[in-house]
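The next block is upload.pdb, given as PDB, C-alpha atoms, pLDDT in the B column.
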```
ATOM      1  CA  LEU O   1       0.000   0.000   0.000  1.00 95.00           C
ATOM      2  CA  LEU O   2       2.705   2.496   0.964  1.00 96.00           C
ATOM      3  CA  ASP O   3       4.817   1.941  -2.163  1.00 96.00           C
ATOM      4  CA  THR O   4       1.696   2.008  -4.342  1.00 97.00           C
ATOM      5  CA  LEU O   5       0.577   5.382  -2.970  1.00 97.00           C
ATOM      6  CA  ALA O   6       4.006   6.928  -3.567  1.00 97.00           C
ATOM      7  CA  GLY O   7       4.057   5.363  -7.036  1.00 96.00           C
ATOM      8  CA  ILE O   8       0.690   6.861  -7.934  1.00 97.00           C
ATOM      9  CA  GLY O   9       1.966  10.244  -6.773  1.00 97.00           C
ATOM     10  CA  SER O  10       5.070   9.979  -8.940  1.00 97.00           C
ATOM     11  CA  ALA O  11       3.067   8.697 -11.917  1.00 96.00           C
ATOM     12  CA  LEU O  12       0.938  11.843 -11.731  1.00 96.00           C
ATOM     13  CA  ASN O  13       4.052  14.045 -11.685  1.00 96.00           C
ATOM     14  CA  VAL O  14       6.309  12.724 -14.464  1.00 95.00           C
ATOM     15  CA  PRO O  15       6.111  13.737 -18.129  1.00 89.00           C
ATOM     16  CA  PRO O  16       4.383  11.180 -20.379  1.00 87.00           C
ATOM     17  CA  ALA O  17       7.646   9.994 -21.992  1.00 87.00           C
ATOM     18  CA  GLU O  18       9.366   9.285 -18.649  1.00 93.00           C
ATOM     19  CA  SER O  19       8.988   6.558 -16.049  1.00 95.00           C
ATOM     20  CA  PHE O  20      10.252   5.935 -12.525  1.00 96.00           C
ATOM     21  CA  THR O  21      11.198   3.236 -10.049  1.00 96.00           C
ATOM     22  CA  THR O  22      11.488   2.999  -6.282  1.00 96.00           C
ATOM     23  CA  VAL O  23      15.171   3.142  -5.267  1.00 97.00           C
ATOM     24  CA  GLU O  24      14.795   3.519  -1.484  1.00 97.00           C
ATOM     25  CA  PHE O  25      11.998   2.440   0.868  1.00 97.00           C
ATOM     26  CA  LYS O  26      12.257   2.840   4.647  1.00 98.00           C
ATOM     27  CA  VAL O  27       9.265   1.891   6.787  1.00 98.00           C
ATOM     28  CA  ASN O  28       8.504   1.956  10.510  1.00 98.00           C
ATOM     29  CA  PHE O  29       5.710  -0.407  11.547  1.00 97.00           C
ATOM     30  CA  LEU O  30       4.040   1.106  14.605  1.00 97.00           C
ATOM     31  CA  ARG O  31       1.092  -1.202  15.261  1.00 96.00           C
ATOM     32  CA  SER O  32      -0.577  -4.232  13.724  1.00 94.00           C
ATOM     33  CA  ILE O  33      -4.156  -4.872  12.662  1.00 92.00           C
ATOM     34  CA  ARG O  34      -6.113  -8.138  12.488  1.00 91.00           C
ATOM     35  CA  GLU O  35      -9.386  -6.871  11.068  1.00 93.00           C
ATOM     36  CA  GLY O  36     -10.934  -3.705   9.768  1.00 95.00           C
ATOM     37  CA  SER O  37      -9.820  -1.194   7.211  1.00 96.00           C
ATOM     38  CA  VAL O  38      -6.528   0.514   6.466  1.00 97.00           C
ATOM     39  CA  THR O  39      -6.154   3.915   4.813  1.00 97.00           C
ATOM     40  CA  GLY O  40      -3.050   5.676   3.590  1.00 98.00           C
ATOM     41  CA  GLU O  41      -1.933   9.134   2.563  1.00 98.00           C
ATOM     42  CA  ALA O  42       1.167  10.179   0.606  1.00 98.00           C
ATOM     43  CA  THR O  43       2.759  13.609   0.952  1.00 98.00           C
ATOM     44  CA  ILE O  44       5.455  14.906  -1.355  1.00 98.00           C
ATOM     45  CA  VAL O  45       8.671  15.957   0.402  1.00 98.00           C
ATOM     46  CA  HIS O  46      10.761  16.670  -2.716  1.00 98.00           C
ATOM     47  CA  LEU O  47       9.569  16.865  -6.318  1.00 97.00           C
ATOM     48  CA  GLY O  48      12.765  17.159  -8.324  1.00 96.00           C
ATOM     49  CA  ARG O  49      13.706  16.556 -11.928  1.00 93.00           C
ATOM     50  CA  ARG O  50      15.600  13.322 -11.157  1.00 95.00           C
ATOM     51  CA  THR O  51      14.053  12.165  -7.869  1.00 97.00           C
ATOM     52  CA  HIS O  52      10.814  12.333  -5.924  1.00 98.00           C
ATOM     53  CA  VAL O  53      10.739  11.789  -2.159  1.00 98.00           C
ATOM     54  CA  TRP O  54       7.478  10.813  -0.455  1.00 98.00           C
ATOM     55  CA  GLN O  55       6.350  10.383   3.117  1.00 98.00           C
ATOM     56  CA  VAL O  56       3.460   7.924   3.432  1.00 98.00           C
ATOM     57  CA  VAL O  57       1.382   7.098   6.512  1.00 98.00           C
ATOM     58  CA  ALA O  58      -1.114   4.276   7.074  1.00 98.00           C
ATOM     59  CA  HIS O  59      -3.956   4.436   9.613  1.00 98.00           C
ATOM     60  CA  ASP O  60      -6.337   1.828  10.970  1.00 97.00           C
ATOM     61  CA  GLY O  61     -10.123   2.217  11.047  1.00 95.00           C
ATOM     62  CA  GLN O  62      -9.917   4.179  14.315  1.00 95.00           C
ATOM     63  CA  GLY O  63      -7.458   6.675  12.809  1.00 96.00           C
ATOM     64  CA  ARG O  64      -4.428   5.343  14.707  1.00 97.00           C
ATOM     65  CA  GLN O  65      -1.153   5.512  12.808  1.00 98.00           C
ATOM     66  CA  MET O  66       0.061   2.032  11.857  1.00 98.00           C
ATOM     67  CA  ALA O  67       3.076   2.735   9.659  1.00 98.00           C
ATOM     68  CA  LEU O  68       5.273   5.573   8.479  1.00 98.00           C
ATOM     69  CA  ALA O  69       7.395   5.268   5.346  1.00 98.00           C
ATOM     70  CA  THR O  70       9.818   7.405   3.385  1.00 98.00           C
ATOM     71  CA  LEU O  71      10.275   6.477  -0.278  1.00 98.00           C
ATOM     72  CA  THR O  72      12.564   7.788  -3.003  1.00 98.00           C
ATOM     73  CA  GLN O  73      11.549   7.421  -6.640  1.00 97.00           C
ATOM     74  CA  MET O  74      14.211   7.780  -9.362  1.00 97.00           C
ATOM     75  CA  ILE O  75      12.964   9.379 -12.567  1.00 97.00           C
ATOM     76  CA  ILE O  76      14.007   7.477 -15.694  1.00 95.00           C
ATOM     77  CA  GLU O  77      14.388   9.829 -18.646  1.00 88.00           C
ATOM     78  CA  ARG O  78      13.589   8.653 -22.140  1.00 83.00           C
ATOM     79  CA  ARG O  79      16.672   8.081 -24.277  1.00 77.00           C
ATOM     80  CA  ALA O  80      16.949   9.907 -27.569  1.00 74.00           C
ATOM     81  CA  SER O  81      16.394   7.582 -30.527  1.00 69.00           C
TER      82      SER O  81
END
```
Would you mind writing the structure in this file as structure tokens?
Amino acid sequence: LLDTLAGIGSALNVPPAESFTTVEFKVNFLRSIREGSVTGEATIVHLGRRTHVWQVVAHDGQGRQMALATLTQMIIERRAS
């Protein structure tokens, strides 16, 4: 979930001819869940030309923070043909 949310954020912020990949993913798991729903929210920390850095949090159904992640996405530029 955390990587997917950061990936969606990067996908919405790269030019159509470029792509990206996760190059760093650090997560702190703060609590577990056995039932119920999980929600997540991604916030951009750095939106650069070559990298994007995201902070992503996950919450349980009661709004308690379950996980905190920092992800770095490397932008892959299209090669000239």
Name the residues that the PyMOL selection byres ((chain O and resi 57) around 10) picks from the file above, as a PyMOL selection string, using the file's chain letters and numbers. chain O and resi 1-2+5+27-28+39-43+54-56+58-59+65-70
Spatial neighbours of O:Ser37, 10 Å, only C-alpha atoms, chain gap at least 5 places, as a ChimeraX atom specification: /O:59-63
Pick from O:Arg64, O:Gly36, O:His46, O:Met74: nearest to O:Thr21, with only C-alpha atoms counted?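 Selected residue with least distance to O:Thr21: O:Met74.
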For the point (7.2, 5.3, -13.5) in the file's frame, write as number ranges by chain all residues with an atom no more than 9 Å away, counting all atoms listed in the file. O: 7-8, 10-11, 14, 18-22, 73-76
When you count only C-alpha atoms, which of these residues is closest to O:Phe25: O:Val45, O:Val53, O:Leu12, O:Val38? O:Val53
Expressed in Å to a single decimal, how great is the separation between atom CA of O:Leu30 and atom CA of O:His52?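 Between atom CA of O:Leu30 and atom CA of O:His52 the gap is 24.4 Å.
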What does the distance between atom CA of O:Ala17 and atom CA of O:Asp3 come to in Å, to one decimal place?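 Calculated distance between atom CA of O:Ala17 and atom CA of O:Asp3 is 21.6 Å.
Take atom CA of O:Pro16 and atom CA of O:Thr72: the distance between them is 19.5 Å.
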